[in-house]
Amino acid sequence: MGFRDRWVDWGNGSGFYNLRVDDVSIQVFRNGFALIILPRYENIESSDLLSHVFRDLYKAISYLYNIGIVVDLDSIKQVNQEYAFNHGYLDDVLRGRPKKARVELDRDARGLFNKLDQKAKAWIDRSYGDLEIETNDLEYARRLLLMPEIIYNLDKKLAPILEELSNQIRLHLEVEERTLSTLEKLSRYIEELRDLQRRPSLFKRILNWFRRWFG
């Protein structure tokens with residue numbers, strides 16, 4: 001086959017043929033499976049990702065075909081992926097904090113072509129220097145990219161609700177203020193009546209006056 005000198009032995013006769021075409025690595029196993037490892041795509045637009053992936057997949061499959069290995073296209077399955085977003089500007093903010101952190105997202109990771117046989121997760125890493133937010137989940141990557149748009153739409157929905165709530169609170173406070181004012185006046189009247197009770201002669205004259213006019 002022309003590449004037997006590229007055999008990587010795992011021991012006991014197991015291993016794989018380690019092939020390479022440009023930046024794409026290919027591991028061919030004796031059980032009929034092949035693993036195509038695509039390179040890290042630096043500084044590309046998310047809209048260009050698929051074109052890069054298909055270009056390199058085509059390159060790898062064509063290479064295998066040329067050396068006599070035919071790939072069953074219907075059997076192609078994505079097994080792993082990583083998306084990385086550079087957030088180096090946060091390094092100063094997070095100085096002194098742990099250099100690595102990871103969170104499990106409690107759902108299956110979604111790949112470009114299929115669901116992965118692993119749970120979705122996101123983590124912080126500095127393997128390439130700057131702080132990066134990385135994930136193995138396409139949905140998390142999509143949400144991270146759309147975060148400004150999501151926040152904007154959320155603000156549009158919440159703004160009228162918060163304004164109405166503010167108006168209701170303002171109205172409630174006005175009612176509370178009027179109620180408090182009335183209670184304060186009533187408290188003063190009660191105190192004045194108590195003061196009159198402490199002066200029996202004056203209280204009796206006022207009481208007789210009320211009886212004469214309203215009794």
# chains A, B, ... in the order shown; residues from 1 in each chain; ligands from 1
>>> residues_around(residues="Arg55 (chain A)", least_positions_apart="4", cutoff="12 Å", atoms="only C-alpha atoms", output="count of residues only")
13
>>> atom_distance(atom1="CA of Asn114 (chain A)", atom2="CA of Gly15 (chain A)")
26.7 Å
>>> closest_residue(among="A:Asp130, A:Val21, A:Phe85, A:Ser187", to="Asn43 (chain A)", atoms="only C-alpha atoms")
A:Phe85
>>> residues_around(residues="Tyr83 (chain A)", least_positions_apart="4", cutoff="7 Å", atoms="only C-alpha atoms", output="list in words")
Glu134, Thr135, Asn136 and Ala141 of chain A
>>> closest_residue(among="A:Ala120, A:Asp155, A:Ala34, A:Leu144", to="Val70 (chain A)", atoms="only C-alpha atoms")
A:Ala34
>>> closest_residue(among="A:Leu57, A:Ile124, A:Ile67, A:Leu145", to="Leu19 (chain A)", atoms="only C-alpha atoms")
A:Ile67
>>> closest_residue(among="A:Asn18, A:Asp137, A:Ser75, A:Gln81", to="Tyr41 (chain A)", atoms="only C-alpha atoms")
A:Gln81
>>> select_by_dssp(residues="region 11-93 of chain A", states="helix (DSSP H, G or I)", output="ChimeraX atom specification")
/A:46-66,73-75,88-90
>>> write_last_selection(atoms="N, CA, C and O atoms", output="CSV table (one decimal), in the first residue's frame")
chain,number,residue,atom,x,y,z
A,46,SER,N,-17.3,32.5,11.3
A,46,SER,CA,-18.1,31.3,11.5
A,46,SER,C,-18.8,30.8,10.2
A,46,SER,O,-19.0,29.6,10.0
A,47,SER,N,-19.1,31.8,9.4
A,47,SER,CA,-19.8,31.4,8.1
A,47,SER,C,-18.9,30.6,7.2
A,47,SER,O,-19.3,29.9,6.3
A,48,ASP,N,-17.5,30.7,7.4
A,48,ASP,CA,-16.6,30.1,6.5
A,48,ASP,C,-16.2,28.7,7.1
A,48,ASP,O,-15.4,28.0,6.4
A,49,LEU,N,-16.6,28.4,8.3
A,49,LEU,CA,-16.2,27.1,8.9
A,49,LEU,C,-16.5,25.9,8.1
A,49,LEU,O,-15.7,25.0,7.9
A,50,LEU,N,-17.8,25.8,7.6
A,50,LEU,CA,-18.2,24.6,6.9
A,50,LEU,C,-17.4,24.4,5.6
A,50,LEU,O,-17.0,23.3,5.3
A,51,SER,N,-17.1,25.5,4.9
A,51,SER,CA,-16.3,25.4,3.7
A,51,SER,C,-14.9,24.9,4.0
A,51,SER,O,-14.4,24.1,3.2
A,52,HIS,N,-14.3,25.3,5.1
A,52,HIS,CA,-13.0,24.8,5.5
A,52,HIS,C,-13.0,23.3,5.8
A,52,HIS,O,-12.2,22.5,5.4
A,53,VAL,N,-14.1,22.9,6.5
A,53,VAL,CA,-14.2,21.5,7.0
A,53,VAL,C,-14.4,20.6,5.7
A,53,VAL,O,-13.7,19.6,5.6
A,54,PHE,N,-15.3,21.0,4.8
A,54,PHE,CA,-15.6,20.2,3.7
A,54,PHE,C,-14.4,20.1,2.7
A,54,PHE,O,-14.1,19.1,2.1
A,55,ARG,N,-13.7,21.2,2.6
A,55,ARG,CA,-12.5,21.2,1.8
A,55,ARG,C,-11.4,20.2,2.3
A,55,ARG,O,-10.9,19.4,1.5
A,56,ASP,N,-11.2,20.2,3.6
A,56,ASP,CA,-10.2,19.3,4.2
A,56,ASP,C,-10.7,17.9,4.2
A,56,ASP,O,-9.9,16.9,4.0
A,57,LEU,N,-12.0,17.7,4.4
A,57,LEU,CA,-12.5,16.3,4.3
A,57,LEU,C,-12.4,15.8,2.9
A,57,LEU,O,-12.0,14.6,2.7
A,58,TYR,N,-12.7,16.6,2.0
A,58,TYR,CA,-12.5,16.1,0.6
A,58,TYR,C,-11.1,15.8,0.2
A,58,TYR,O,-10.8,14.8,-0.4
A,59,LYS,N,-10.2,16.6,0.8
A,59,LYS,CA,-8.8,16.4,0.5
A,59,LYS,C,-8.3,15.1,1.1
A,59,LYS,O,-7.6,14.3,0.5
A,60,ALA,N,-8.8,14.8,2.4
A,60,ALA,CA,-8.4,13.5,3.0
A,60,ALA,C,-9.0,12.3,2.3
A,60,ALA,O,-8.3,11.3,2.1
A,61,ILE,N,-10.3,12.4,2.0
A,61,ILE,CA,-11.0,11.3,1.3
A,61,ILE,C,-10.3,11.0,0.0
A,61,ILE,O,-10.2,9.8,-0.4
A,62,SER,N,-10.0,12.1,-0.7
A,62,SER,CA,-9.4,11.9,-2.1
A,62,SER,C,-8.0,11.3,-1.9
A,62,SER,O,-7.6,10.4,-2.7
A,63,TYR,N,-7.3,11.6,-0.9
A,63,TYR,CA,-5.9,11.1,-0.7
A,63,TYR,C,-6.1,9.6,-0.4
A,63,TYR,O,-5.3,8.8,-0.9
A,64,LEU,N,-7.0,9.2,0.5
A,64,LEU,CA,-7.2,7.8,0.8
A,64,LEU,C,-7.6,7.0,-0.5
A,64,LEU,O,-7.1,5.9,-0.7
A,65,TYR,N,-8.4,7.6,-1.3
A,65,TYR,CA,-8.9,6.9,-2.5
A,65,TYR,C,-7.7,6.7,-3.4
A,65,TYR,O,-7.5,5.6,-4.0
A,66,ASN,N,-6.8,7.7,-3.5
A,66,ASN,CA,-5.6,7.6,-4.4
A,66,ASN,C,-4.7,6.5,-4.0
A,66,ASN,O,-3.9,6.0,-4.8
A,73,LEU,N,-19.0,7.0,2.3
A,73,LEU,CA,-19.5,8.3,2.7
A,73,LEU,C,-20.7,8.3,3.7
A,73,LEU,O,-20.8,9.2,4.5
A,74,ASP,N,-21.5,7.2,3.5
A,74,ASP,CA,-22.7,7.1,4.4
A,74,ASP,C,-22.3,6.8,5.8
A,74,ASP,O,-23.1,6.9,6.8
A,75,SER,N,-21.1,6.3,6.0
A,75,SER,CA,-20.7,5.9,7.4
A,75,SER,C,-19.9,7.0,8.1
A,75,SER,O,-19.5,6.7,9.2
A,88,GLY,N,-8.9,37.4,25.2
A,88,GLY,CA,-7.7,37.8,25.9
A,88,GLY,C,-7.8,39.1,26.7
A,88,GLY,O,-7.1,39.4,27.6
A,89,TYR,N,-8.8,39.9,26.3
A,89,TYR,CA,-9.0,41.2,27.0
A,89,TYR,C,-9.5,41.0,28.4
A,89,TYR,O,-9.5,41.9,29.2
A,90,LEU,N,-9.9,39.8,28.7
A,90,LEU,CA,-10.4,39.5,30.1
A,90,LEU,C,-9.2,39.0,31.0
A,90,LEU,O,-9.5,38.8,32.2
>>> decode(residues="region 154-176 of chain A", atoms="N, CA and C atoms", output="PDB file, in the first residue's frame")
ATOM      1  N   LEU A 154     -33.879  40.501  24.179  1.00  0.00           N
ATOM      2  CA  LEU A 154     -34.411  40.395  25.536  1.00  0.00           C
ATOM      3  C   LEU A 154     -34.735  41.776  26.093  1.00  0.00           C
ATOM      4  N   ASP A 155     -33.864  42.743  25.806  1.00  0.00           N
ATOM      5  CA  ASP A 155     -34.093  44.110  26.272  1.00  0.00           C
ATOM      6  C   ASP A 155     -35.364  44.685  25.651  1.00  0.00           C
ATOM      7  N   LYS A 156     -35.584  44.405  24.362  1.00  0.00           N
ATOM      8  CA  LYS A 156     -36.789  44.909  23.694  1.00  0.00           C
ATOM      9  C   LYS A 156     -38.055  44.326  24.316  1.00  0.00           C
ATOM     10  N   LYS A 157     -37.978  43.072  24.741  1.00  0.00           N
ATOM     11  CA  LYS A 157     -39.148  42.433  25.341  1.00  0.00           C
ATOM     12  C   LYS A 157     -39.366  42.892  26.779  1.00  0.00           C
ATOM     13  N   LEU A 158     -38.264  43.102  27.496  1.00  0.00           N
ATOM     14  CA  LEU A 158     -38.380  43.437  28.915  1.00  0.00           C
ATOM     15  C   LEU A 158     -38.663  44.915  29.159  1.00  0.00           C
ATOM     16  N   ALA A 159     -38.216  45.783  28.245  1.00  0.00           N
ATOM     17  CA  ALA A 159     -38.343  47.226  28.469  1.00  0.00           C
ATOM     18  C   ALA A 159     -39.784  47.656  28.744  1.00  0.00           C
ATOM     19  N   PRO A 160     -40.771  47.284  27.899  1.00  0.00           N
ATOM     20  CA  PRO A 160     -42.150  47.704  28.198  1.00  0.00           C
ATOM     21  C   PRO A 160     -42.697  47.088  29.478  1.00  0.00           C
ATOM     22  N   ILE A 161     -42.282  45.856  29.783  1.00  0.00           N
ATOM     23  CA  ILE A 161     -42.742  45.209  31.017  1.00  0.00           C
ATOM     24  C   ILE A 161     -42.202  45.952  32.232  1.00  0.00           C
ATOM     25  N   LEU A 162     -40.919  46.304  32.182  1.00  0.00           N
ATOM     26  CA  LEU A 162     -40.305  47.023  33.300  1.00  0.00           C
ATOM     27  C   LEU A 162     -40.888  48.425  33.443  1.00  0.00           C
ATOM     28  N   GLU A 163     -41.222  49.050  32.308  1.00  0.00           N
ATOM     29  CA  GLU A 163     -41.826  50.384  32.369  1.00  0.00           C
ATOM     30  C   GLU A 163     -43.200  50.321  33.028  1.00  0.00           C
ATOM     31  N   GLU A 164     -43.995  49.312  32.652  1.00  0.00           N
ATOM     32  CA  GLU A 164     -45.315  49.144  33.265  1.00  0.00           C
ATOM     33  C   GLU A 164     -45.186  48.845  34.754  1.00  0.00           C
ATOM     34  N   LEU A 165     -44.217  48.010  35.098  1.00  0.00           N
ATOM     35  CA  LEU A 165     -43.985  47.699  36.507  1.00  0.00           C
ATOM     36  C   LEU A 165     -43.586  48.952  37.275  1.00  0.00           C
ATOM     37  N   SER A 166     -42.757  49.781  36.654  1.00  0.00           N
ATOM     38  CA  SER A 166     -42.341  51.028  37.293  1.00  0.00           C
ATOM     39  C   SER A 166     -43.535  51.947  37.533  1.00  0.00           C
ATOM     40  N   ASN A 167     -44.435  52.011  36.543  1.00  0.00           N
ATOM     41  CA  ASN A 167     -45.635  52.840  36.701  1.00  0.00           C
ATOM     42  C   ASN A 167     -46.518  52.319  37.833  1.00  0.00           C
ATOM     43  N   GLN A 168     -46.646  50.997  37.914  1.00  0.00           N
ATOM     44  CA  GLN A 168     -47.458  50.401  38.973  1.00  0.00           C
ATOM     45  C   GLN A 168     -46.854  50.680  40.348  1.00  0.00           C
ATOM     46  N   ILE A 169     -45.536  50.582  40.424  1.00  0.00           N
ATOM     47  CA  ILE A 169     -44.864  50.865  41.700  1.00  0.00           C
ATOM     48  C   ILE A 169     -45.048  52.329  42.083  1.00  0.00           C
ATOM     49  N   ARG A 170     -44.930  53.222  41.081  1.00  0.00           N
ATOM     50  CA  ARG A 170     -45.098  54.651  41.350  1.00  0.00           C
ATOM     51  C   ARG A 170     -46.513  54.938  41.852  1.00  0.00           C
ATOM     52  N   LEU A 171     -47.521  54.325  41.201  1.00  0.00           N
ATOM     53  CA  LEU A 171     -48.909  54.510  41.625  1.00  0.00           C
ATOM     54  C   LEU A 171     -49.119  53.961  43.029  1.00  0.00           C
ATOM     55  N   HIS A 172     -48.540  52.804  43.289  1.00  0.00           N
ATOM     56  CA  HIS A 172     -48.668  52.191  44.612  1.00  0.00           C
ATOM     57  C   HIS A 172     -48.052  53.088  45.686  1.00  0.00           C
ATOM     58  N   LEU A 173     -46.902  53.673  45.367  1.00  0.00           N
ATOM     59  CA  LEU A 173     -46.240  54.553  46.335  1.00  0.00           C
ATOM     60  C   LEU A 173     -47.075  55.800  46.613  1.00  0.00           C
ATOM     61  N   GLU A 174     -47.719  56.327  45.556  1.00  0.00           N
ATOM     62  CA  GLU A 174     -48.574  57.500  45.752  1.00  0.00           C
ATOM     63  C   GLU A 174     -49.743  57.170  46.677  1.00  0.00           C
ATOM     64  N   VAL A 175     -50.348  55.990  46.469  1.00  0.00           N
ATOM     65  CA  VAL A 175     -51.455  55.562  47.335  1.00  0.00           C
ATOM     66  C   VAL A 175     -50.958  55.371  48.762  1.00  0.00           C
ATOM     67  N   GLU A 176     -49.772  54.773  48.889  1.00  0.00           N
ATOM     68  CA  GLU A 176     -49.197  54.557  50.214  1.00  0.00           C
ATOM     69  C   GLU A 176     -48.932  55.888  50.914  1.00  0.00           C
TER      70      GLU A 176
END
